[in-house]
Each structure stands twice: as structure tokens, then as C-alpha cells.
file target.cif (mmCIF, C-alpha atoms)
data_work
loop_
_atom_site.label_atom_id
_atom_site.label_comp_id
_atom_site.auth_asym_id
_atom_site.auth_seq_id
_atom_site.Cartn_x
_atom_site.Cartn_y
_atom_site.Cartn_z
CA MET A 28 -75.59 -84.82 -113.33
CA ARG A 29 -77.13 -85.20 -109.88
CA ASN A 30 -80.06 -83.01 -109.00
CA TYR A 31 -78.63 -80.67 -106.39
CA PRO A 32 -81.04 -78.57 -104.30
CA ALA A 33 -81.19 -74.97 -105.53
CA ASP A 34 -81.64 -71.79 -103.54
CA GLU A 35 -84.99 -70.89 -105.06
CA ALA A 36 -84.52 -67.20 -104.28
CA SER A 37 -81.40 -67.14 -106.45
CA ARG A 38 -83.03 -68.68 -109.52
CA GLU A 39 -82.80 -66.55 -112.67
CA GLU A 40 -84.01 -67.01 -116.21
CA VAL A 41 -82.90 -65.09 -119.29
CA ALA A 42 -84.52 -65.47 -122.71
CA ILE A 43 -81.87 -65.75 -125.43
CA GLN A 44 -83.18 -64.25 -128.65
CA ALA A 45 -80.46 -61.75 -129.64
CA SER A 46 -76.75 -61.30 -129.04
CA GLY A 47 -77.46 -58.73 -126.31
CA ASP A 48 -79.21 -61.52 -124.39
CA VAL A 49 -75.97 -63.53 -124.34
CA VAL A 50 -74.36 -60.53 -122.60
CA LYS A 51 -77.29 -60.48 -120.13
CA ALA A 52 -76.90 -64.21 -119.45
CA ARG A 53 -73.16 -63.72 -118.81
CA GLN A 54 -73.87 -60.91 -116.35
CA THR A 55 -76.52 -62.98 -114.55
CA VAL A 56 -74.12 -65.91 -114.19
CA ARG A 57 -71.33 -63.58 -113.02
CA LEU A 58 -73.56 -62.17 -110.24
CA LEU A 59 -74.57 -65.62 -109.01
CA ALA A 60 -70.94 -66.79 -109.12
CA GLN A 61 -69.94 -63.82 -106.96
CA GLN A 62 -72.81 -64.49 -104.53
CA ALA A 63 -71.86 -68.16 -104.30
CA GLY A 64 -68.30 -67.18 -103.41
CA LEU A 65 -66.51 -68.63 -106.44
CA SER A 66 -62.90 -67.47 -106.76
CA LEU A 67 -62.16 -64.92 -109.47
CA VAL A 68 -60.61 -67.58 -111.70
CA ASN A 69 -63.59 -69.89 -111.27
CA GLN A 70 -66.02 -67.01 -111.91
CA THR A 71 -64.12 -66.25 -115.11
CA LYS A 72 -64.18 -69.89 -116.21
CA LEU A 73 -67.91 -70.28 -115.56
CA VAL A 74 -68.84 -66.99 -117.24
CA THR A 75 -66.69 -67.87 -120.26
CA ALA A 76 -68.37 -71.29 -120.51
CA ALA A 77 -71.76 -69.55 -120.26
CA SER A 78 -70.76 -67.21 -123.06
CA GLU A 79 -69.83 -70.11 -125.36
CA LEU A 80 -73.01 -72.03 -124.55
CA GLY A 81 -75.24 -68.97 -124.81
CA ARG A 82 -73.87 -68.22 -128.26
CA ASN A 83 -74.56 -71.83 -129.32
CA THR A 84 -78.15 -71.52 -128.06
CA LEU A 85 -78.61 -68.39 -130.14
CA ILE A 86 -76.77 -69.34 -133.31
CA TYR A 87 -77.26 -73.09 -133.63
CA GLY A 88 -80.42 -73.48 -131.53
CA GLY A 89 -82.17 -70.45 -132.98
CA GLY A 90 -82.67 -68.99 -129.50
CA GLY A 91 -83.87 -70.41 -126.21
CA THR A 92 -83.43 -69.81 -122.52
CA ALA A 93 -80.70 -69.68 -119.91
CA GLN A 94 -81.53 -70.65 -116.34
CA ALA A 95 -79.14 -70.28 -113.44
CA ALA A 96 -79.23 -70.84 -109.70
CA ILE A 97 -77.02 -71.29 -106.68
CA VAL A 98 -77.03 -74.96 -105.62
CA ARG A 99 -75.83 -76.76 -102.52
CA ASP A 100 -74.42 -80.20 -101.79
CA VAL A 101 -73.58 -81.01 -98.17
CA ALA A 102 -70.77 -78.51 -97.50
CA ARG A 103 -70.34 -77.24 -101.07
CA VAL A 104 -71.91 -74.27 -102.81
CA GLY A 105 -71.92 -73.90 -106.56
CA VAL A 106 -73.61 -72.31 -109.54
CA TRP A 107 -75.78 -74.32 -111.89
CA VAL A 108 -76.54 -73.04 -115.39
CA ARG A 109 -78.74 -74.61 -118.06
CA PHE A 110 -79.11 -73.53 -121.68
CA ALA A 111 -82.06 -74.96 -123.57
CA ASP A 112 -83.22 -74.53 -127.15
CA THR A 113 -85.76 -76.15 -129.43
CA GLY A 114 -83.48 -76.07 -132.45
CA PRO A 115 -82.40 -78.81 -134.85
CA GLY A 116 -80.46 -80.75 -132.19
CA ILE A 117 -77.08 -82.45 -132.48
CA PRO A 118 -77.08 -85.85 -134.23
CA ASP A 119 -73.81 -87.08 -132.71
CA THR A 120 -73.13 -85.58 -129.28
CA GLU A 121 -69.87 -87.55 -128.84
CA LEU A 122 -68.51 -85.99 -132.00
CA ALA A 123 -69.82 -82.54 -131.06
CA LEU A 124 -67.70 -82.64 -127.91
CA THR A 125 -64.48 -83.14 -129.86
CA ASP A 126 -62.14 -80.17 -130.14
CA GLY A 127 -62.37 -78.66 -133.59
CA TRP A 128 -65.74 -80.09 -134.52
CA THR A 129 -68.10 -77.43 -135.79
CA SER A 130 -71.29 -77.36 -137.80
CA GLY A 131 -70.95 -73.65 -138.41
CA SER A 132 -68.28 -71.07 -138.91
CA GLY A 133 -66.78 -71.22 -135.42
CA MET A 134 -63.56 -72.83 -134.33
CA GLY A 135 -65.22 -75.77 -132.69
CA LEU A 136 -64.04 -74.88 -129.20
CA GLY A 137 -67.40 -73.81 -127.76
CA LEU A 138 -68.81 -77.09 -126.44
CA SER A 139 -65.55 -78.94 -125.78
CA GLY A 140 -63.92 -75.84 -124.28
CA ALA A 141 -66.92 -75.07 -122.08
CA ARG A 142 -66.81 -78.64 -120.76
CA ARG A 143 -63.18 -78.18 -119.68
CA LEU A 144 -64.02 -74.95 -117.85
CA VAL A 145 -66.67 -76.38 -115.52
CA ASP A 146 -66.81 -79.14 -112.89
CA GLU A 147 -69.92 -80.90 -114.16
CA PHE A 148 -71.28 -80.93 -117.69
CA GLU A 149 -74.25 -82.59 -119.32
CA LEU A 150 -75.31 -82.42 -122.96
CA ASP A 151 -78.73 -83.73 -123.99
CA SER A 152 -79.80 -83.39 -127.56
CA THR A 153 -82.50 -84.94 -129.71
CA PRO A 154 -82.50 -84.21 -133.44
CA GLY A 155 -85.62 -82.26 -134.33
CA VAL A 156 -86.47 -81.56 -130.68
CA GLY A 157 -83.66 -79.45 -129.25
CA THR A 158 -80.57 -79.27 -127.14
CA THR A 159 -80.04 -78.75 -123.42
CA VAL A 160 -76.62 -78.17 -121.91
CA THR A 161 -76.25 -78.06 -118.13
CA VAL A 162 -73.09 -77.02 -116.33
CA LEU A 163 -72.05 -76.63 -112.72
CA LYS A 164 -69.09 -74.99 -111.06
CA TRP A 165 -68.37 -75.42 -107.35
CA ALA A 166 -66.79 -72.82 -105.11
CA ARG A 167 -63.51 -74.04 -103.64
CA MET B 166 -77.13 -51.72 -131.91
CA SER B 167 -75.00 -48.75 -132.91
CA ASP B 168 -72.42 -48.87 -130.11
CA ARG B 169 -68.92 -49.02 -131.50
CA VAL B 170 -65.57 -49.26 -129.81
CA PRO B 171 -63.56 -46.09 -130.56
CA VAL B 172 -60.31 -46.39 -132.51
CA LEU B 173 -57.84 -43.65 -131.49
CA LYS B 174 -54.83 -42.56 -133.52
CA ILE B 175 -51.58 -41.54 -131.81
CA GLY B 176 -48.84 -40.88 -134.34
CA ASP B 177 -48.68 -43.98 -136.51
CA ILE B 178 -50.27 -46.19 -133.90
CA LEU B 179 -53.96 -47.03 -133.51
CA LEU B 180 -55.16 -47.56 -129.96
CA VAL B 181 -58.30 -49.46 -129.04
CA SER B 182 -59.34 -49.77 -125.43
CA ILE B 183 -62.27 -52.12 -124.94
CA GLN B 184 -64.18 -50.85 -121.91
CA ILE B 185 -67.51 -52.65 -122.14
CA ASP B 186 -68.91 -56.15 -122.26
CA LEU B 187 -68.96 -56.76 -126.02
CA GLU B 188 -71.80 -58.14 -128.04
CA ASP B 189 -70.70 -60.30 -130.95
CA GLN B 190 -71.74 -57.69 -133.52
CA MET B 191 -69.56 -55.05 -131.83
CA VAL B 192 -66.63 -57.46 -132.02
CA LEU B 193 -67.14 -57.83 -135.77
CA ASP B 194 -67.60 -54.07 -136.22
CA LEU B 195 -64.36 -53.41 -134.38
CA GLN B 196 -62.47 -55.80 -136.63
CA ASP B 197 -63.92 -53.97 -139.65
CA ASP B 198 -63.21 -50.49 -138.29
CA LEU B 199 -59.63 -51.38 -137.43
CA SER B 200 -58.89 -52.80 -140.86
CA GLN B 201 -60.31 -49.64 -142.50
CA GLN B 202 -58.44 -47.34 -140.15
CA ILE B 203 -55.09 -49.05 -140.69
CA VAL B 204 -55.36 -48.31 -144.39
CA ALA B 205 -56.89 -44.83 -143.96
CA THR B 206 -54.19 -43.68 -141.52
CA SER B 207 -51.23 -45.75 -142.80
CA ALA B 208 -50.80 -46.99 -139.25
CA ARG B 209 -47.73 -49.10 -138.50
CA GLY B 210 -48.95 -50.47 -135.19
CA VAL B 211 -52.17 -51.42 -133.39
CA VAL B 212 -52.57 -51.72 -129.63
CA ILE B 213 -55.69 -53.44 -128.29
CA ASP B 214 -56.15 -52.89 -124.57
CA ILE B 215 -58.30 -55.61 -123.00
CA SER B 216 -57.52 -54.81 -119.35
CA ALA B 217 -61.19 -54.04 -118.68
CA LEU B 218 -62.45 -57.31 -120.17
CA GLU B 219 -63.67 -59.79 -117.57
CA ILE B 220 -63.77 -62.62 -120.07
CA VAL B 221 -62.37 -63.44 -123.49
CA ASP B 222 -64.29 -66.29 -125.05
CA SER B 223 -63.52 -68.11 -128.30
CA PHE B 224 -65.35 -65.48 -130.35
CA VAL B 225 -63.36 -62.54 -129.00
CA GLY B 226 -60.18 -64.65 -129.02
CA ARG B 227 -60.70 -65.42 -132.67
CA MET B 228 -61.28 -61.71 -133.40
CA LEU B 229 -57.96 -60.87 -131.75
CA ALA B 230 -56.13 -63.50 -133.79
CA THR B 231 -57.85 -62.49 -137.04
CA THR B 232 -57.24 -58.80 -136.43
CA ALA B 233 -53.55 -59.44 -135.80
CA ALA B 234 -53.35 -61.43 -139.04
CA ILE B 235 -55.25 -58.81 -141.08
CA SER B 236 -53.17 -55.93 -139.76
CA ARG B 237 -49.95 -57.81 -140.49
CA VAL B 238 -51.06 -58.24 -144.09
CA LEU B 239 -51.78 -54.49 -144.14
CA GLY B 240 -48.31 -53.68 -142.82
CA ALA B 241 -49.13 -53.01 -139.17
CA GLU B 242 -48.07 -54.96 -136.10
CA THR B 243 -50.72 -55.70 -133.42
CA VAL B 244 -50.09 -55.98 -129.71
CA VAL B 245 -52.81 -57.09 -127.28
CA VAL B 246 -52.18 -55.62 -123.85
CA GLY B 247 -53.51 -55.91 -120.31
CA MET B 248 -54.99 -59.39 -120.26
CA ARG B 249 -56.08 -60.27 -116.72
CA PRO B 250 -54.47 -63.38 -115.21
CA ALA B 251 -57.84 -65.12 -114.73
CA VAL B 252 -58.66 -64.45 -118.38
CA ALA B 253 -55.32 -65.89 -119.52
CA MET B 254 -55.84 -69.06 -117.45
CA THR B 255 -59.35 -69.47 -118.82
CA LEU B 256 -58.35 -68.87 -122.45
CA VAL B 257 -55.65 -71.52 -122.37
CA GLU B 258 -57.96 -74.04 -120.72
CA LEU B 259 -60.62 -73.22 -123.29
CA GLY B 260 -58.10 -74.30 -125.93
CA LEU B 261 -57.00 -70.92 -127.30
CA SER B 262 -53.39 -69.96 -126.84
CA LEU B 263 -53.45 -66.97 -129.25
CA GLY B 264 -50.25 -68.29 -130.80
CA GLY B 265 -50.09 -65.70 -133.59
CA VAL B 266 -50.86 -62.72 -131.38
CA ARG B 267 -48.18 -60.55 -129.83
CA THR B 268 -49.10 -59.69 -126.24
CA ALA B 269 -47.70 -57.40 -123.55
CA LEU B 270 -48.55 -57.01 -119.89
CA ASN B 271 -49.63 -53.39 -120.17
CA LEU B 272 -50.03 -50.46 -122.51
CA GLU B 273 -46.58 -49.03 -121.79
CA LEU B 274 -44.81 -52.30 -122.61
CA GLY B 275 -46.97 -52.74 -125.69
CA LEU B 276 -46.10 -49.29 -127.03
CA GLY B 277 -42.44 -49.90 -126.22
CA TYR B 278 -42.50 -53.11 -128.22
CA LEU B 279 -44.04 -51.35 -131.23
CA ARG B 280 -41.44 -48.57 -131.12
CA ARG B 281 -38.60 -51.08 -131.10
CA ALA B 282 -40.27 -53.13 -133.84
CA GLN B 283 -40.38 -50.02 -136.04
CA VAL B 284 -36.73 -49.18 -135.50
CA SER B 285 -35.66 -52.69 -136.43
CA PRO B 286 -38.44 -54.43 -138.32
CA PRO B 287 -38.38 -58.21 -137.83
CA ALA B 288 -37.23 -60.22 -140.83
CA SER B 289 -40.28 -61.37 -142.71
CA PRO B 290 -40.71 -65.14 -142.75
#

call {"tool": "encode", "arguments": {"input": "target.cif", "output": "C-alpha cells"}}
result
Amino acid sequence: MRNYPADEASREEVAIQASGDVVKARQTVRLLAQQAGLSLVNQTKLVTAASELGRNTLIYGGGGTAQAAIVRDVARVGVWVRFADTGPGIPDTELALTDGWTSGSGMGLGLSGARRLVDEFELDSTPGVGTTVTVLKWAR
Amino acid sequence: MSDRVPVLKIGDILLVSIQIDLEDQMVLDLQDDLSQQIVATSARGVVIDISALEIVDSFVGRMLATTAAISRVLGAETVVVGMRPAVAMTLVELGLSLGGVRTALNLELGLGYLRRAQVSPPASP
């Protein structure tokens, strides 16, 4: 994903250590999406993706952080969100992005579904080091 | 976290109206409470109102599907009512179509469906 300039004043960070923090991260992303002027449907898609990814950070990553900011690219405005953990990592990221793949008790829609809900998606994972998922949704 | 979603009884129908942004534990508690209440009250129908929910992710979607399946096994029909259009579009794109869940546009239609279902129960598969 390209490095789009962020509005520094809009930057937020939420520690994800408990399930209440996933709710907080969702609310933070919702506020930024409203400020960036995303349509209601696009707000809903981004917040839903954030909910899936935040839960992964908590459950599979053992906790971590969510960062979010409003970003700009020429005439576009969007919301950038990054979830990072220092958990066990994902050995095969290709496989992890397949519908139905799960290492836990979920349905395996979290990662693959979240990718469909956003405009840009990046998954970086190193076994034993951690996982970072970055997503971006543009206002249209 | 002791917040629980209230389960209301109206005749032989249980009504749940989710009014707050749910933590995962509350979702699991609700599924538990509903299953207990169906048996305790001999309910024949369950209406889950999600009109206040701004998102339904795979976790909540799975709870809805599981709750519908559990209540069917316990002899009650579940109707999920009031899903917002943006939520419906997002759910389908996420990959969840809630195939096994009966839905209705609003509470009135949901209750109407349950009443008709009780007059003429659908043939069991």
C-alpha cells in the first residue's frame, strides 16, 4: 500500500487488550469515517472490517494496537486503519486470506471478508514476530 | 462486564431489542439467556430487533444464525427484524448471507410472521 499523507491531528491510537477495546476501536474508526465524509454504506463496511480485524488482534494476536487516521491523495480523502500485534504470526498469509480458513473457532470470514470490505488491504506477518494488517477506505 | 441485553416476554414470544454496541461476551451471554428463556417460558417465537445496530460483523452474524438454530431445536421460531440497508449490504459482501435465519423488515412484520407460523406450522423437513 502506498504511504498516503495523514492528517496528523486526526491520528488516533487504541490499545486492544480486552473485548471492550474492540468496541472502542470501532467507535474511533466510525468517527474518523464520518469526519472524512464516507457514505453511510462505506462507513459501515470500514467499521465492520475494523471489528473483524480488531477481534483477530485480540484473540489470535493476544492483543496489540489499532491506529487510525484520515489520509489524503490528490483529490481523495480516506480513512487508514492499522492493527498490529506481537503474537504468533501467520505462517501462510495466502492461505489465511482464503474464505473459510481459520486457525480458531471462527468461521474464517474475518480476514478474507475484511479485505472485500475495504479499498486497500495489506497483511504483513512474520511467524514468532507478529502480524500487521492495514486497510484503507476512500470517500466517494 | 455485567451488562446484559434484556429478554422480554410477550405472550408466547420472547423479544430482544439490541440497543447498544455489543462486546463479544454480551453476544455470547445473550445467546445463553435466550436459550434458557425459551425453555423456561415455553416460548414459541423469538424476535431479535437489530434496528439500532450500526454493524453486524461475522461474530454477531454467527450468533444470530446459531440462536435461530438453537431455538428451532427447542421448538421456537426466530425472526431477526430491522436490519439497516447498509448493514445488509455489508453482511453479504463480508460473505454472510444468514441463509438459515428468518428476517423481516420491522417488528410488526416479524410478529405478524410468527403469528401466522403458529396458526399453520410449516411442515418439518

call {"tool": "closest_residue", "arguments": {"input": "target.cif", "among": "B:Thr231, B:Ser207, B:Gln201, B:Thr255", "to": "chain A", "atoms": "only C-alpha atoms"}}
result
B:Thr255

call {"tool": "closest_residue", "arguments": {"input": "target.cif", "among": "A:Val104, A:Ala33, A:Val41, A:Leu67", "to": "Val252 (chain B)", "atoms": "all atoms listed in the file"}}
result
A:Leu67

call {"tool": "resolve_selection", "arguments": {"input": "target.cif", "expression": "the PyMOL selection byres ((chain B) within 8 of (chain A))", "output": "PyMOL selection string"}}
result
chain B and resi 186-190+219-224+251-252+254-255+258-260

call {"tool": "residues_around", "arguments": {"input": "target.cif", "residues": "Asn271 (chain B)", "least_positions_apart": "3", "cutoff": "7 Å", "atoms": "all atoms listed in the file", "output": "ChimeraX atom specification"}}
result
/B:246-247,274-275

call {"tool": "atom_distance", "arguments": {"input": "target.cif", "atom1": "CA of Glu147 (chain A)", "atom2": "CA of Thr161 (chain A)"}}
result
8.0 Å

call {"tool": "atom_distance", "arguments": {"input": "target.cif", "atom1": "CA of Thr232 (chain B)", "atom2": "CA of Val266 (chain B)"}}
result
9.0 Å

call {"tool": "residues_around", "arguments": {"input": "target.cif", "residues": "Leu173 (chain B)", "least_positions_apart": "4", "cutoff": "10 Å", "atoms": "all atoms listed in the file", "output": "number ranges by chain"}}
result
B: 178-182, 199, 202, 211-212

call {"tool": "residues_around", "arguments": {"input": "target.cif", "residues": "Leu239 (chain B)", "least_positions_apart": "4", "cutoff": "10 Å", "atoms": "all atoms listed in the file", "output": "ChimeraX atom specification"}}
result
/B:200-201,203-204,207-209,233-235

call {"tool": "write_last_selection", "arguments": {"input": "target.cif", "atoms": "C-alpha atoms", "output": "PDB file, in the frame of the given file"}}
result
ATOM      1  CA  SER B 200     -58.890 -52.800-140.860  1.00  0.00           C
ATOM      2  CA  GLN B 201     -60.310 -49.640-142.500  1.00  0.00           C
ATOM      3  CA  ILE B 203     -55.090 -49.050-140.690  1.00  0.00           C
ATOM      4  CA  VAL B 204     -55.360 -48.310-144.390  1.00  0.00           C
ATOM      5  CA  SER B 207     -51.230 -45.750-142.800  1.00  0.00           C
ATOM      6  CA  ALA B 208     -50.800 -46.990-139.250  1.00  0.00           C
ATOM      7  CA  ARG B 209     -47.730 -49.100-138.500  1.00  0.00           C
ATOM      8  CA  ALA B 233     -53.550 -59.440-135.800  1.00  0.00           C
ATOM      9  CA  ALA B 234     -53.350 -61.430-139.040  1.00  0.00           C
ATOM     10  CA  ILE B 235     -55.250 -58.810-141.080  1.00  0.00           C
TER      11      ILE B 235
END

call {"tool": "closest_residue", "arguments": {"input": "target.cif", "among": "B:Gly265, B:Pro250, B:Gly176, B:Pro171", "to": "Asp194 (chain B)", "atoms": "all atoms listed in the file"}}
result
B:Pro171

call {"tool": "closest_residue", "arguments": {"input": "target.cif", "among": "B:Lys174, B:Val192, B:Met228, B:Ile185", "to": "Ala205 (chain B)", "atoms": "all atoms listed in the file"}}
result
B:Lys174

call {"tool": "residues_near_point", "arguments": {"input": "target.cif", "point": "(-84.9, -77.2, -127.0)", "cutoff": "9 Å", "atoms": "all atoms listed in the file", "output": "list in words"}}
result
Thr84, Gly88, Gly90, Gly91, Thr92, Phe110, Ala111, Asp112, Thr113, Gly114, Pro115, Gly116, Ser152, Thr153, Gly155, Val156, Gly157, Thr158 and Thr159 of chain A

call {"tool": "atom_distance", "arguments": {"input": "target.cif", "atom1": "CA of Ile213 (chain B)", "atom2": "CA of Val56 (chain A)"}}
result
26.3 Å

call {"tool": "axis_aligned_box", "arguments": {"input": "target.cif", "around": "region 215-225 of chain B", "padding_each_side": "8 Å", "output": "AutoDock Vina command-line options"}}
result
--center_x -61.4 --center_y -61.1 --center_z -124.0 --size_x 23.8 --size_y 30.1 --size_z 28.8

call {"tool": "residues_around", "arguments": {"input": "target.cif", "residues": "Ile97 (chain A)", "least_positions_apart": "2", "cutoff": "6 Å", "atoms": "all atoms listed in the file", "output": "ChimeraX atom specification"}}
result
/A:33-34,105-106

call {"tool": "write_last_selection", "arguments": {"input": "target.cif", "atoms": "C-alpha atoms", "output": "mmCIF file, in the frame of the given file"}}
result
data_model
loop_
_atom_site.group_PDB
_atom_site.id
_atom_site.type_symbol
_atom_site.label_atom_id
_atom_site.label_comp_id
_atom_site.auth_asym_id
_atom_site.auth_seq_id
_atom_site.Cartn_x
_atom_site.Cartn_y
_atom_site.Cartn_z
ATOM 1 C CA ALA A 33 -81.190 -74.970 -105.530
ATOM 2 C CA ASP A 34 -81.640 -71.790 -103.540
ATOM 3 C CA GLY A 105 -71.920 -73.900 -106.560
ATOM 4 C CA VAL A 106 -73.610 -72.310 -109.540
#

call {"tool": "closest_residue", "arguments": {"input": "target.cif", "among": "B:Arg169, B:Thr268, B:Thr243, B:Gly210", "to": "Arg280 (chain B)", "atoms": "all atoms listed in the file"}}
result
B:Gly210

call {"tool": "closest_residue", "arguments": {"input": "target.cif", "among": "A:Glu39, A:Asp100, A:Asp151, A:Asp119", "to": "Thr55 (chain A)", "atoms": "only C-alpha atoms"}}
result
A:Glu39
